>>> print(open('target_36.csv').read())   # CSV, C-alpha atoms and all ligand atoms
chain,number,residue,atom,x,y,z
A,1,MET,CA,-112.6,-81.4,70.4
A,2,VAL,CA,-116.2,-80.7,71.6
A,3,ASN,CA,-115.9,-81.1,75.3
A,4,ILE,CA,-118.9,-82.3,77.4
A,5,ALA,CA,-118.8,-78.9,79.3
A,6,LYS,CA,-117.4,-75.5,78.6
A,7,PRO,CA,-117.8,-72.3,80.7
A,8,ILE,CA,-118.7,-69.2,78.7
A,9,ILE,CA,-116.7,-66.3,79.9
A,10,GLY,CA,-117.3,-63.0,78.1
A,11,GLU,CA,-115.8,-59.5,78.4
A,12,GLU,CA,-118.6,-58.6,80.9
A,13,GLU,CA,-117.4,-61.2,83.4
A,14,LYS,CA,-113.8,-60.1,83.0
A,15,LYS,CA,-114.7,-56.4,83.5
A,16,ALA,CA,-116.8,-57.2,86.5
A,17,VAL,CA,-114.0,-59.2,88.1
A,18,MET,CA,-111.5,-56.4,87.5
A,19,ALA,CA,-113.9,-53.9,89.0
A,20,VAL,CA,-114.0,-56.0,92.2
A,21,LEU,CA,-110.2,-56.3,92.3
A,22,ASP,CA,-109.8,-52.6,91.8
A,23,SER,CA,-112.3,-51.9,94.6
A,24,GLY,CA,-110.2,-53.9,97.1
A,25,MET,CA,-113.4,-55.3,98.6
A,26,LEU,CA,-112.8,-59.0,97.7
A,27,ALA,CA,-114.7,-60.9,100.4
A,28,GLN,CA,-118.5,-61.2,100.9
A,29,GLY,CA,-120.0,-57.7,100.3
A,30,GLU,CA,-122.0,-55.7,97.8
A,31,GLN,CA,-121.8,-58.0,94.8
A,32,VAL,CA,-122.8,-61.0,97.0
A,33,LYS,CA,-125.8,-59.1,98.2
A,34,GLN,CA,-126.9,-58.1,94.7
A,35,LEU,CA,-126.5,-61.7,93.5
A,36,GLU,CA,-128.7,-62.9,96.4
A,37,GLU,CA,-131.4,-60.4,95.5
A,38,GLN,CA,-131.4,-61.1,91.8
A,39,PHE,CA,-131.2,-64.9,92.2
A,40,ALA,CA,-134.2,-64.9,94.6
A,41,LYS,CA,-136.1,-63.0,91.9
A,42,LEU,CA,-135.1,-65.5,89.3
A,43,CYS,CA,-136.4,-68.4,91.4
A,44,GLY,CA,-139.5,-66.6,92.7
A,45,THR,CA,-138.4,-67.2,96.3
A,46,LYS,CA,-138.3,-64.8,99.2
A,47,HIS,CA,-134.6,-65.5,100.1
A,48,ALA,CA,-131.4,-66.5,98.4
A,49,ILE,CA,-128.2,-67.0,100.4
A,50,ALA,CA,-124.9,-67.3,98.5
A,51,VAL,CA,-122.2,-69.7,99.7
A,52,ASN,CA,-119.0,-71.0,98.3
A,53,SER,CA,-120.2,-74.3,96.8
A,54,GLY,CA,-123.2,-76.3,96.0
A,55,THR,CA,-122.1,-78.8,98.7
A,56,ALA,CA,-122.0,-76.0,101.2
A,57,ALA,CA,-125.5,-74.9,100.1
A,58,LEU,CA,-126.8,-78.5,100.7
A,59,HIS,CA,-125.0,-78.7,104.0
A,60,ALA,CA,-126.2,-75.3,105.3
A,61,ALA,CA,-129.8,-76.1,104.2
A,62,LEU,CA,-129.9,-79.5,105.9
A,63,TYR,CA,-128.7,-77.7,109.1
A,64,ALA,CA,-131.3,-75.0,108.7
A,65,LEU,CA,-134.0,-77.7,108.3
A,66,GLY,CA,-132.9,-79.1,111.7
A,67,VAL,CA,-131.5,-82.4,110.4
A,68,LYS,CA,-129.1,-83.8,113.0
A,69,GLU,CA,-127.6,-87.0,114.4
A,70,GLY,CA,-130.1,-89.9,114.6
A,71,ASP,CA,-132.3,-88.5,111.8
A,72,GLU,CA,-132.7,-90.3,108.5
A,73,VAL,CA,-132.8,-88.5,105.2
A,74,ILE,CA,-134.0,-90.2,102.0
A,75,THR,CA,-132.4,-89.5,98.7
A,76,THR,CA,-131.5,-91.0,95.3
A,77,PRO,CA,-128.4,-93.2,94.7
A,78,PHE,CA,-128.2,-91.8,91.2
A,79,THR,CA,-126.7,-88.4,91.6
A,80,PHE,CA,-123.5,-86.6,92.4
A,81,VAL,CA,-122.0,-87.6,95.7
A,82,ALA,CA,-122.5,-84.2,97.3
A,83,THR,CA,-126.3,-84.8,97.4
A,84,SER,CA,-125.8,-87.5,100.0
A,85,ASN,CA,-122.5,-86.4,101.6
A,86,CYS,CA,-124.4,-83.5,103.2
A,87,ILE,CA,-126.4,-86.0,105.1
A,88,LEU,CA,-123.2,-87.5,106.5
A,89,MET,CA,-121.9,-84.1,107.2
A,90,GLN,CA,-124.8,-83.5,109.6
A,91,GLY,CA,-124.3,-86.9,111.3
A,92,ALA,CA,-127.6,-88.2,109.9
A,93,LYS,CA,-128.2,-91.5,108.2
A,94,PRO,CA,-128.5,-91.6,104.4
A,95,VAL,CA,-131.4,-93.8,103.2
A,96,PHE,CA,-131.6,-94.4,99.4
A,97,ALA,CA,-134.6,-95.1,97.4
A,98,ASP,CA,-134.7,-96.2,93.7
A,99,ILE,CA,-135.3,-93.8,90.8
A,100,ASP,CA,-137.9,-93.5,88.0
A,101,GLU,CA,-136.8,-95.1,84.8
A,102,LYS,CA,-137.9,-92.3,82.5
A,103,THR,CA,-136.9,-89.2,84.4
A,104,PHE,CA,-133.9,-90.6,86.3
A,105,ASN,CA,-135.3,-88.8,89.4
A,106,LEU,CA,-136.2,-90.1,92.8
A,107,ASN,CA,-139.3,-92.3,92.6
A,108,PRO,CA,-142.0,-91.1,95.1
A,109,VAL,CA,-143.5,-94.6,95.6
A,110,LYS,CA,-140.1,-96.1,96.4
A,111,THR,CA,-139.4,-93.1,98.7
A,112,GLU,CA,-142.6,-93.6,100.7
A,113,GLU,CA,-141.6,-97.2,101.3
A,114,LYS,CA,-138.4,-96.0,103.1
A,115,ILE,CA,-140.1,-93.7,105.6
A,116,THR,CA,-139.6,-94.6,109.2
A,117,PRO,CA,-140.3,-92.8,112.5
A,118,ASN,CA,-136.8,-91.4,112.2
A,119,THR,CA,-137.1,-89.9,108.8
A,120,LYS,CA,-136.8,-86.2,108.9
A,121,ALA,CA,-136.3,-85.0,105.3
A,122,ILE,CA,-136.2,-86.0,101.6
A,123,ILE,CA,-133.6,-84.7,99.1
A,124,PRO,CA,-135.0,-85.1,95.6
A,125,VAL,CA,-132.6,-84.0,92.8
A,126,ASP,CA,-133.6,-82.1,89.7
A,127,LEU,CA,-131.3,-84.4,87.8
A,128,PHE,CA,-129.8,-83.3,84.5
A,129,GLY,CA,-131.9,-80.1,84.6
A,130,GLN,CA,-135.5,-81.6,85.0
A,131,ILE,CA,-137.4,-80.9,88.2
A,132,TYR,CA,-138.2,-83.9,90.3
A,133,ASN,CA,-141.7,-85.3,90.6
A,134,ALA,CA,-142.8,-82.5,92.9
A,135,GLU,CA,-146.6,-83.1,92.9
A,136,GLN,CA,-146.3,-86.6,94.3
A,137,MET,CA,-143.2,-86.2,96.4
A,138,ASN,CA,-144.4,-83.0,98.1
A,139,GLU,CA,-147.8,-84.6,98.9
A,140,ILE,CA,-145.9,-87.5,100.6
A,141,ALA,CA,-143.7,-85.2,102.5
A,142,GLU,CA,-146.7,-83.2,103.8
A,143,ARG,CA,-148.6,-86.4,104.8
A,144,TYR,CA,-145.6,-87.6,106.9
A,145,GLY,CA,-144.5,-84.1,108.2
A,146,LEU,CA,-141.1,-84.3,106.4
A,147,LYS,CA,-139.0,-81.5,105.0
A,148,ILE,CA,-137.9,-81.3,101.4
A,149,LEU,CA,-134.5,-80.0,100.3
A,150,GLU,CA,-134.5,-79.7,96.6
A,151,ASP,CA,-131.1,-80.3,95.1
A,152,ALA,CA,-131.4,-77.9,92.2
A,153,CYS,CA,-127.6,-77.8,91.5
A,154,GLN,CA,-128.2,-78.9,87.9
A,155,ALA,CA,-131.4,-77.0,87.2
A,156,VAL,CA,-131.1,-73.2,87.4
A,157,GLY,CA,-133.9,-71.8,85.3
A,158,ALA,CA,-135.8,-75.1,85.0
A,159,GLU,CA,-139.6,-75.0,85.5
A,160,LEU,CA,-142.5,-77.3,86.2
A,161,ASN,CA,-145.9,-76.0,85.3
A,162,GLY,CA,-144.6,-72.4,85.3
A,163,LYS,CA,-142.9,-72.7,88.7
A,164,LYS,CA,-139.1,-72.3,88.9
A,165,ALA,CA,-136.5,-74.7,90.2
A,166,GLY,CA,-135.5,-73.7,93.7
A,167,SER,CA,-139.1,-73.0,94.8
A,168,PHE,CA,-140.4,-76.6,95.2
A,169,GLY,CA,-139.1,-77.7,98.5
A,170,ASP,CA,-138.8,-76.1,102.0
A,171,MET,CA,-135.3,-75.1,100.8
A,172,ALA,CA,-133.2,-75.6,97.7
A,173,ALA,CA,-129.5,-75.7,96.8
A,174,PHE,CA,-127.8,-74.6,93.6
A,175,SER,CA,-124.2,-74.9,92.4
A,176,LEU,CA,-122.2,-72.4,90.5
A,177,TYR,CA,-119.4,-74.9,89.7
A,178,ALA,CA,-117.5,-74.2,86.5
A,179,THR,CA,-119.5,-76.8,84.4
A,180,LYS,CA,-123.0,-75.8,85.6
A,181,ASN,CA,-125.5,-73.9,83.3
A,182,MET,CA,-124.4,-70.7,85.1
A,183,MET,CA,-121.2,-70.6,87.0
A,184,SER,CA,-118.7,-68.6,89.0
A,185,GLY,CA,-115.9,-71.1,89.1
A,186,GLU,CA,-117.0,-72.4,92.4
A,187,GLY,CA,-120.0,-71.2,94.3
A,188,GLY,CA,-123.5,-72.1,95.6
A,189,ILE,CA,-126.8,-70.6,96.5
A,190,ILE,CA,-129.6,-71.6,98.9
A,191,THR,CA,-133.2,-70.5,98.3
A,192,THR,CA,-136.2,-70.6,100.6
A,193,ASP,CA,-139.4,-68.7,101.4
A,194,LYS,CA,-139.0,-69.1,105.1
A,195,ASP,CA,-137.3,-66.4,107.2
A,196,GLU,CA,-136.3,-68.8,109.9
A,197,TYR,CA,-134.5,-71.1,107.5
A,198,ALA,CA,-132.8,-68.2,105.7
A,199,GLU,CA,-131.5,-66.8,109.0
A,200,LYS,CA,-130.2,-70.2,110.1
A,201,ALA,CA,-128.4,-70.7,106.8
A,202,ARG,CA,-126.8,-67.3,107.0
A,203,ARG,CA,-125.5,-68.0,110.5
A,204,PHE,CA,-124.2,-71.4,109.4
A,205,ARG,CA,-122.3,-69.7,106.6
A,206,HIS,CA,-120.4,-67.5,109.1
A,207,HIS,CA,-119.3,-69.7,112.0
A,208,GLY,CA,-122.7,-69.8,113.6
A,209,GLN,CA,-122.4,-66.1,114.6
A,210,THR,CA,-125.6,-64.6,116.1
A,211,ALA,CA,-124.1,-61.2,116.9
A,212,THR,CA,-120.6,-59.8,116.5
A,213,TYR,CA,-118.3,-62.4,118.0
A,214,GLU,CA,-121.3,-64.3,119.6
A,215,TYR,CA,-121.6,-67.9,118.7
A,216,ALA,CA,-124.7,-70.0,119.4
A,217,GLU,CA,-124.0,-73.1,117.4
A,218,LEU,CA,-121.3,-74.7,115.2
A,219,GLY,CA,-121.0,-73.0,111.8
A,220,TYR,CA,-118.4,-72.9,109.0
A,221,ASN,CA,-116.8,-70.5,106.7
A,222,TYR,CA,-119.0,-71.0,103.7
A,223,ARG,CA,-118.9,-67.4,102.5
A,224,MET,CA,-118.8,-66.5,98.8
A,225,THR,CA,-116.4,-63.8,97.6
A,226,ASN,CA,-117.4,-60.7,95.7
A,227,ILE,CA,-115.2,-62.0,92.9
A,228,GLN,CA,-117.4,-65.0,92.4
A,229,ALA,CA,-120.5,-63.0,92.8
A,230,ALA,CA,-119.4,-60.5,90.2
A,231,ILE,CA,-119.0,-63.4,87.7
A,232,ALA,CA,-122.3,-64.9,88.7
A,233,LEU,CA,-124.2,-61.6,88.3
A,234,GLU,CA,-123.1,-61.4,84.7
A,235,GLN,CA,-123.9,-65.1,84.1
A,236,LEU,CA,-127.4,-64.4,85.6
A,237,LYS,CA,-128.1,-61.9,82.8
A,238,LYS,CA,-127.3,-64.6,80.2
A,239,ILE,CA,-128.7,-67.8,81.8
A,240,GLU,CA,-132.0,-67.7,79.9
A,241,LYS,CA,-130.2,-67.4,76.6
A,242,PHE,CA,-127.8,-70.2,77.6
A,243,ASN,CA,-130.6,-72.4,78.6
A,244,GLN,CA,-132.6,-71.7,75.4
A,245,LYS,CA,-129.5,-72.8,73.4
A,246,ARG,CA,-129.2,-76.0,75.4
A,247,ILE,CA,-132.9,-76.7,74.9
A,248,GLN,CA,-132.6,-76.1,71.1
A,249,ASN,CA,-129.5,-78.3,70.9
A,250,ALA,CA,-131.3,-81.0,72.8
A,251,LYS,CA,-134.3,-80.8,70.4
A,252,ILE,CA,-132.0,-81.2,67.3
A,253,LEU,CA,-130.4,-84.3,68.8
A,254,THR,CA,-133.7,-85.8,69.8
A,255,GLU,CA,-135.1,-85.3,66.3
A,256,GLY,CA,-131.9,-86.6,64.7
A,257,LEU,CA,-131.8,-89.7,66.9
A,258,ALA,CA,-135.4,-90.6,66.6
A,259,GLY,CA,-135.9,-94.2,65.5
A,260,VAL,CA,-132.3,-95.3,66.1
A,261,LYS,CA,-132.6,-98.9,67.4
A,262,GLY,CA,-131.4,-99.3,71.0
A,263,ILE,CA,-131.0,-95.5,71.7
A,264,THR,CA,-133.4,-93.8,74.1
A,265,THR,CA,-133.5,-90.0,74.0
A,266,PRO,CA,-134.3,-88.0,77.1
A,267,TYR,CA,-137.9,-87.9,78.4
A,268,ILE,CA,-139.5,-84.5,79.1
A,269,LYS,CA,-142.4,-84.6,81.5
A,270,PRO,CA,-145.6,-82.8,80.4
A,271,GLY,CA,-145.4,-79.2,81.9
A,272,ALA,CA,-141.6,-79.4,82.4
A,273,LYS,CA,-139.0,-76.9,81.1
A,274,HIS,CA,-136.0,-79.2,81.1
A,275,VAL,CA,-132.8,-77.1,80.9
A,276,PHE,CA,-130.5,-79.9,79.9
A,277,HIS,CA,-127.5,-79.5,82.2
A,278,GLN,CA,-126.9,-82.9,80.7
A,279,TYR,CA,-128.4,-84.4,77.6
A,280,THR,CA,-128.4,-88.1,78.5
A,281,ILE,CA,-129.3,-91.0,76.2
A,282,LEU,CA,-129.6,-94.7,77.1
A,283,VAL,CA,-127.5,-97.1,75.0
A,284,GLY,CA,-129.5,-100.3,75.1
A,285,GLN,CA,-128.6,-103.9,74.2
A,286,GLU,CA,-130.3,-103.7,70.8
A,287,TYR,CA,-127.9,-100.9,69.8
A,288,GLY,CA,-125.2,-102.2,67.4
A,289,LYS,CA,-122.3,-101.2,69.7
A,290,THR,CA,-121.6,-101.3,73.4
A,291,ARG,CA,-121.6,-98.0,75.2
A,292,ASP,CA,-117.8,-98.0,75.4
A,293,GLU,CA,-117.5,-98.6,71.7
A,294,LEU,CA,-119.9,-95.7,71.0
A,295,VAL,CA,-117.8,-93.4,73.4
A,296,GLN,CA,-114.7,-94.4,71.3
A,297,ALA,CA,-116.4,-93.7,68.0
A,298,LEU,CA,-117.6,-90.3,69.2
A,299,LYS,CA,-114.1,-89.5,70.5
A,300,ALA,CA,-112.6,-90.4,67.1
A,301,ALA,CA,-114.9,-87.8,65.7
A,302,ASP,CA,-113.7,-85.2,68.3
A,303,ILE,CA,-116.8,-85.4,70.4
A,304,GLY,CA,-116.4,-85.7,74.1
A,305,THR,CA,-119.0,-87.4,76.2
A,306,GLY,CA,-119.7,-88.0,79.9
A,307,ILE,CA,-121.1,-90.9,82.0
A,308,PHE,CA,-123.3,-89.5,84.8
A,309,TYR,CA,-123.1,-91.6,86.8
A,310,PRO,CA,-121.1,-94.8,86.3
A,311,LYS,CA,-121.8,-96.3,89.7
A,312,PRO,CA,-124.8,-95.6,91.9
A,313,LEU,CA,-123.8,-94.2,95.3
A,314,HIS,CA,-124.9,-97.1,97.4
A,315,LEU,CA,-122.2,-99.3,95.8
A,316,HIS,CA,-119.4,-97.0,96.9
A,317,PRO,CA,-117.6,-98.0,100.1
A,318,VAL,CA,-118.5,-94.7,101.9
A,319,TYR,CA,-122.3,-95.7,101.6
A,320,ALA,CA,-122.1,-99.5,101.2
A,321,LYS,CA,-121.1,-99.7,104.8
A,322,TYR,CA,-124.7,-98.8,105.7
A,323,GLY,CA,-125.6,-102.3,104.5
A,324,TYR,CA,-126.3,-101.6,100.8
A,325,LYS,CA,-125.4,-104.1,98.1
A,326,GLU,CA,-125.7,-104.8,94.4
A,327,GLY,CA,-129.4,-105.5,93.6
A,328,ASP,CA,-130.9,-103.0,96.1
A,329,PHE,CA,-131.8,-100.4,93.5
A,330,PRO,CA,-132.3,-102.2,90.2
A,331,VAL,CA,-133.4,-99.2,88.1
A,332,ALA,CA,-130.4,-97.0,89.2
A,333,GLU,CA,-128.0,-99.9,88.7
A,334,LYS,CA,-129.4,-100.7,85.2
A,335,LEU,CA,-129.4,-97.1,84.0
A,336,ALA,CA,-125.8,-96.5,85.3
A,337,LYS,CA,-124.7,-99.1,82.8
A,338,GLN,CA,-126.6,-97.5,79.9
A,339,VAL,CA,-126.4,-93.7,80.4
A,340,LEU,CA,-124.3,-91.5,78.0
A,341,SER,CA,-124.3,-87.7,78.1
A,342,LEU,CA,-123.7,-85.8,74.9
A,343,PRO,CA,-122.5,-82.2,74.8
A,344,VAL,CA,-125.4,-79.6,74.3
A,345,HIS,CA,-123.8,-76.6,76.0
A,346,PRO,CA,-124.2,-73.2,74.3
A,347,SER,CA,-120.9,-73.5,72.4
A,348,VAL,CA,-122.0,-76.7,70.6
A,349,THR,CA,-122.8,-75.9,66.9
A,350,ASP,CA,-125.3,-77.4,64.5
A,351,GLU,CA,-122.3,-79.0,62.7
A,352,ASP,CA,-121.2,-80.7,66.0
A,353,LEU,CA,-124.7,-82.0,66.5
A,354,LYS,CA,-124.9,-83.3,62.9
A,355,SER,CA,-121.6,-85.1,63.5
A,356,MET,CA,-122.9,-86.7,66.7
A,357,ILE,CA,-126.0,-87.9,65.0
A,358,LYS,CA,-124.0,-89.3,62.1
A,359,VAL,CA,-121.7,-91.2,64.4
A,360,ILE,CA,-124.5,-92.6,66.6
A,361,LYS,CA,-126.6,-93.7,63.5
A,362,GLY,CA,-123.4,-95.5,62.4
A,401,LIG,C1,-122.7,-80.0,91.2
A,401,LIG,C2,-123.6,-80.7,92.1
A,401,LIG,C3,-123.5,-80.6,93.5
A,401,LIG,C4,-122.3,-80.0,94.2
A,401,LIG,O1,-122.0,-78.8,93.8
A,401,LIG,P1,-120.5,-78.2,94.1
A,401,LIG,O2,-120.7,-76.8,93.7
A,401,LIG,O3,-119.6,-79.0,93.2
A,401,LIG,O4,-120.2,-78.4,95.5
A,401,LIG,C5,-124.5,-81.2,94.2
A,401,LIG,N1,-125.5,-81.9,93.7
A,401,LIG,C6,-125.6,-82.1,92.3
A,401,LIG,C7,-126.7,-82.9,91.8
A,401,LIG,C8,-124.6,-81.5,91.5
A,401,LIG,O5,-124.7,-81.7,90.2
>>> encode(input="target_36.csv", output="structure tokens", more="lines below")
Ligand SMILES: *Cc1c(COP(=O)(O)O)cnc(C)c1O
Amino acid sequence: MVNIAKPIIGEEEKKAVMAVLDSGMLAQGEQVKQLEEQFAKLCGTKHAIAVNSGTAALHAALYALGVKEGDEVITTPFTFVATSNCILMQGAKPVFADIDEKTFNLNPVKTEEKITPNTKAIIPVDLFGQIYNAEQMNEIAERYGLKILEDACQAVGAELNGKKAGSFGDMAAFSLYATKNMMSGEGGIITTDKDEYAEKARRFRHHGQTATYEYAELGYNYRMTNIQAAIALEQLKKIEKFNQKRIQNAKILTEGLAGVKGITTPYIKPGAKHVFHQYTILVGQEYGKTRDELVQALKAADIGTGIFYPKPLHLHPVYAKYGYKEGDFPVAEKLAKQVLSLPVHPSVTDEDLKSMIKVIKG
């Protein structure tokens, strides 16, 4: 079975973990520090702050940006739930805006329509590994004096016009969850150029401590372990190779699926390096089978698939209670019914890709 995701764990990762275990220094220490230095270099940012999940990274970043109760934060309903949960975690109000049909990312025009005097920040997502519409979105944020938190959890190594994911907003959040392009089992990293934000995020990671056993504000235990950092440091050396393989696999699929009626392959923006955390096609009405039938046909050929995401966030009870209903975000709702992600991770072979193309062509 070709699964939709598969972490790649080599001898290097195993050795690095054993070295940490042998050292006896398991909690946040030297490996975490090294990871932060090297990750900041990768993103071209001044700071990187390691935490224990992408969710923690989003939460700490929103705190550092000063988002609090009474504030509104605009984001996309077509993302993993952690993107918007961090808004609730800070006691702020989540405000959704519809997405762009081609990129699946937050639509800047729709975002601007949602701005009120209470809006404090925008969380655009680099969904599936392609950077959000940063030119337009950042211009809007600047015009209204809003902060941008880039949810780059799916986009490590992605670029737009030569600039790296994690460097587009005031702050950014990455995830090192087991299925992500680089991983440490669980883990997260915050990036920023601003000293003040970095310092706040570091404090928030460690109970709000300002000096030894001095606590200014509420914080959490969001620290990463040296064990996780040791894995991530090895993955960091391989991430460009991993991403290149995903890009190559995506290219083969897109070429192989060209012209199949009712199937739309992923759109890549001019100037974008899309790192294909997910390779997501649209299964339209003109296609001979329903999406479910295609899923079953692929499964019969030992190909696993994923639906990211089957239901936009505004339709889940946790968010619907803010007054959202079916019909509010037509693009997100339509795409949720059509998306289908095919495996393109580095362990997927040319044979696997051929078999996917064959099944989809029918
Ligand atoms: C994975 C992911 C997260 C959350 O990361 P965790 O490490 O699982 O907490 C947040 N946002 C997006 C878009 C993600 O894909």
>>> closest_residue(input="target_36.csv", among="A:Ile140, A:Ile131, A:Leu342, A:Ile303", to="Lys114 of chain A", atoms="all atoms listed in the file")
A:Ile140
>>> closest_residue(input="target_36.csv", among="A:Pro312, A:Ala48, A:Gln296, A:Pro266", to="Glu326 of chain A", atoms="all atoms listed in the file")
A:Pro312
>>> atom_distance(input="target_36.csv", atom1="atom CA of Ala230 of chain A", atom2="atom CA of Met18 of chain A")
9.3 Å
>>> closest_atom_pairs(input="target_36.csv", of="chain A", to="ligand LIG 401 (chain A)", cutoff="8 Å", atoms="only C-alpha atoms and all ligand atoms", output="JSON lines")
{"residue": "A:Asn52", "atom": "CA", "partner": "A:LIG401", "partner_atom": "O2", "distance": 7.6}
{"residue": "A:Ser53", "atom": "CA", "partner": "A:LIG401", "partner_atom": "O2", "distance": 4.0}
{"residue": "A:Gly54", "atom": "CA", "partner": "A:LIG401", "partner_atom": "O2", "distance": 3.4}
{"residue": "A:Thr55", "atom": "CA", "partner": "A:LIG401", "partner_atom": "O4", "distance": 3.7}
{"residue": "A:Ala56", "atom": "CA", "partner": "A:LIG401", "partner_atom": "O4", "distance": 6.4}
{"residue": "A:Ala57", "atom": "CA", "partner": "A:LIG401", "partner_atom": "O4", "distance": 7.8}
{"residue": "A:Leu58", "atom": "CA", "partner": "A:LIG401", "partner_atom": "C5", "distance": 7.4}
{"residue": "A:Thr79", "atom": "CA", "partner": "A:LIG401", "partner_atom": "C7", "distance": 5.5}
{"residue": "A:Phe80", "atom": "CA", "partner": "A:LIG401", "partner_atom": "C7", "distance": 4.9}
{"residue": "A:Val81", "atom": "CA", "partner": "A:LIG401", "partner_atom": "N1", "distance": 7.0}
{"residue": "A:Ala82", "atom": "CA", "partner": "A:LIG401", "partner_atom": "C5", "distance": 4.8}
{"residue": "A:Thr83", "atom": "CA", "partner": "A:LIG401", "partner_atom": "N1", "distance": 4.8}
{"residue": "A:Val125", "atom": "CA", "partner": "A:LIG401", "partner_atom": "C7", "distance": 6.1}
{"residue": "A:Asp126", "atom": "CA", "partner": "A:LIG401", "partner_atom": "C7", "distance": 7.3}
{"residue": "A:Leu127", "atom": "CA", "partner": "A:LIG401", "partner_atom": "C7", "distance": 6.3}
{"residue": "A:Phe128", "atom": "CA", "partner": "A:LIG401", "partner_atom": "O5", "distance": 7.8}
{"residue": "A:Asp151", "atom": "CA", "partner": "A:LIG401", "partner_atom": "N1", "distance": 6.0}
{"residue": "A:Ala152", "atom": "CA", "partner": "A:LIG401", "partner_atom": "C7", "distance": 6.9}
{"residue": "A:Cys153", "atom": "CA", "partner": "A:LIG401", "partner_atom": "C8", "distance": 4.8}
{"residue": "A:Gln154", "atom": "CA", "partner": "A:LIG401", "partner_atom": "O5", "distance": 5.0}
{"residue": "A:Ala173", "atom": "CA", "partner": "A:LIG401", "partner_atom": "C5", "distance": 7.9}
{"residue": "A:Phe174", "atom": "CA", "partner": "A:LIG401", "partner_atom": "O1", "distance": 7.2}
{"residue": "A:Ser175", "atom": "CA", "partner": "A:LIG401", "partner_atom": "O2", "distance": 4.2}
{"residue": "A:Leu176", "atom": "CA", "partner": "A:LIG401", "partner_atom": "O2", "distance": 5.6}
{"residue": "A:Tyr177", "atom": "CA", "partner": "A:LIG401", "partner_atom": "O2", "distance": 4.6}
{"residue": "A:Lys180", "atom": "CA", "partner": "A:LIG401", "partner_atom": "C1", "distance": 7.0}
{"residue": "A:Glu186", "atom": "CA", "partner": "A:LIG401", "partner_atom": "O2", "distance": 5.9}
{"residue": "A:Gly187", "atom": "CA", "partner": "A:LIG401", "partner_atom": "O2", "distance": 5.7}
{"residue": "A:Gly188", "atom": "CA", "partner": "A:LIG401", "partner_atom": "O2", "distance": 5.8}
>>> atom_distance(input="target_36.csv", atom1="atom CA of Tyr132 of chain A", atom2="atom CA of Glu199 of chain A")
26.2 Å
>>> atom_distance(input="target_36.csv", atom1="atom CA of Pro317 of chain A", atom2="atom CA of Asp98 of chain A")
18.3 Å
>>> closest_residue(input="target_36.csv", among="A:Ser341, A:Asn133, A:Ser355, A:Ser184", to="Pro270 of chain A", atoms="only C-alpha atoms")
A:Asn133
>>> closest_residue(input="target_36.csv", among="A:Ile99, A:Ile231, A:Val295, A:Ile74", to="Lys120 of chain A", atoms="all atoms listed in the file")
A:Ile74
>>> closest_residue(input="target_36.csv", among="A:Thr192, A:Thr116, A:Thr210, A:Thr349", to="Ala250 of chain A", atoms="all atoms listed in the file")
A:Thr349
>>> residues_near_point(input="target_36.csv", point="(-128.1, -69.8, 73.1)", cutoff="12 Å", atoms="only C-alpha atoms", output="NGL selection string")
:A and (8 or 181 or 238-250 or 275 or 344-350)
>>> residues_around(input="target_36.csv", residues="Ser167 of chain A", least_positions_apart="4", cutoff="10 Å", atoms="all atoms listed in the file", output="PyMOL selection string")
chain A and resi 40+43-46+150+152+159+163+171-172+191-193
>>> residues_around(input="target_36.csv", residues="Leu35 of chain A", least_positions_apart="3", cutoff="10 Å", atoms="only C-alpha atoms", output="PyMOL selection string")
chain A and resi 30-32+38-41+48-50+189+226+228-234+236
>>> residues_near_point(input="target_36.csv", point="(-128.9, -92.8, 65.8)", cutoff="9 Å", atoms="all atoms listed in the file", output="ChimeraX atom specification")
/A:256-263,356-362
>>> residues_around(input="target_36.csv", residues="Leu313 of chain A", least_positions_apart="4", cutoff="7 Å", atoms="all atoms listed in the file", output="list in words")
Pro77, Phe78, Val81 and Tyr319 of chain A
>>> write_last_selection(input="target_36.csv", atoms="C-alpha atoms", output="compact mmCIF listing (two decimals), keeping the file's coordinate frame")
# COMPACT_ATOMS: atom_id res chain seq x y z
CA PRO A 77 -128.40 -93.20 94.70
CA PHE A 78 -128.20 -91.80 91.20
CA VAL A 81 -122.00 -87.60 95.70
CA TYR A 319 -122.30 -95.70 101.60
>>> residues_around(input="target_36.csv", residues="Glu112 of chain A", least_positions_apart="5", cutoff="9 Å", atoms="all atoms listed in the file", output="number ranges by chain")
A: 97, 107, 137, 140-141
>>> axis_aligned_box(input="target_36.csv", around="segment 55-66 of chain A", padding_each_side="3 Å", output="AutoDock Vina command-line options")
--center_x -128.0 --center_y -77.2 --center_z 105.2 --size_x 18.0 --size_y 10.6 --size_z 19.0
>>> residues_around(input="target_36.csv", residues="Gly10 of chain A", least_positions_apart="3", cutoff="10 Å", atoms="only C-alpha atoms", output="CSV table (one decimal) with C-alpha atoms, in the coordinates of the input")
chain,number,residue,atom,x,y,z
A,7,PRO,CA,-117.8,-72.3,80.7
A,13,GLU,CA,-117.4,-61.2,83.4
A,14,LYS,CA,-113.8,-60.1,83.0
A,15,LYS,CA,-114.7,-56.4,83.5
A,231,ILE,CA,-119.0,-63.4,87.7
A,234,GLU,CA,-123.1,-61.4,84.7
A,235,GLN,CA,-123.9,-65.1,84.1
>>> closest_residue(input="target_36.csv", among="A:Asn221, A:Asn85, A:Gln34, A:Ser23", to="Gly208 of chain A", atoms="all atoms listed in the file")
A:Asn221
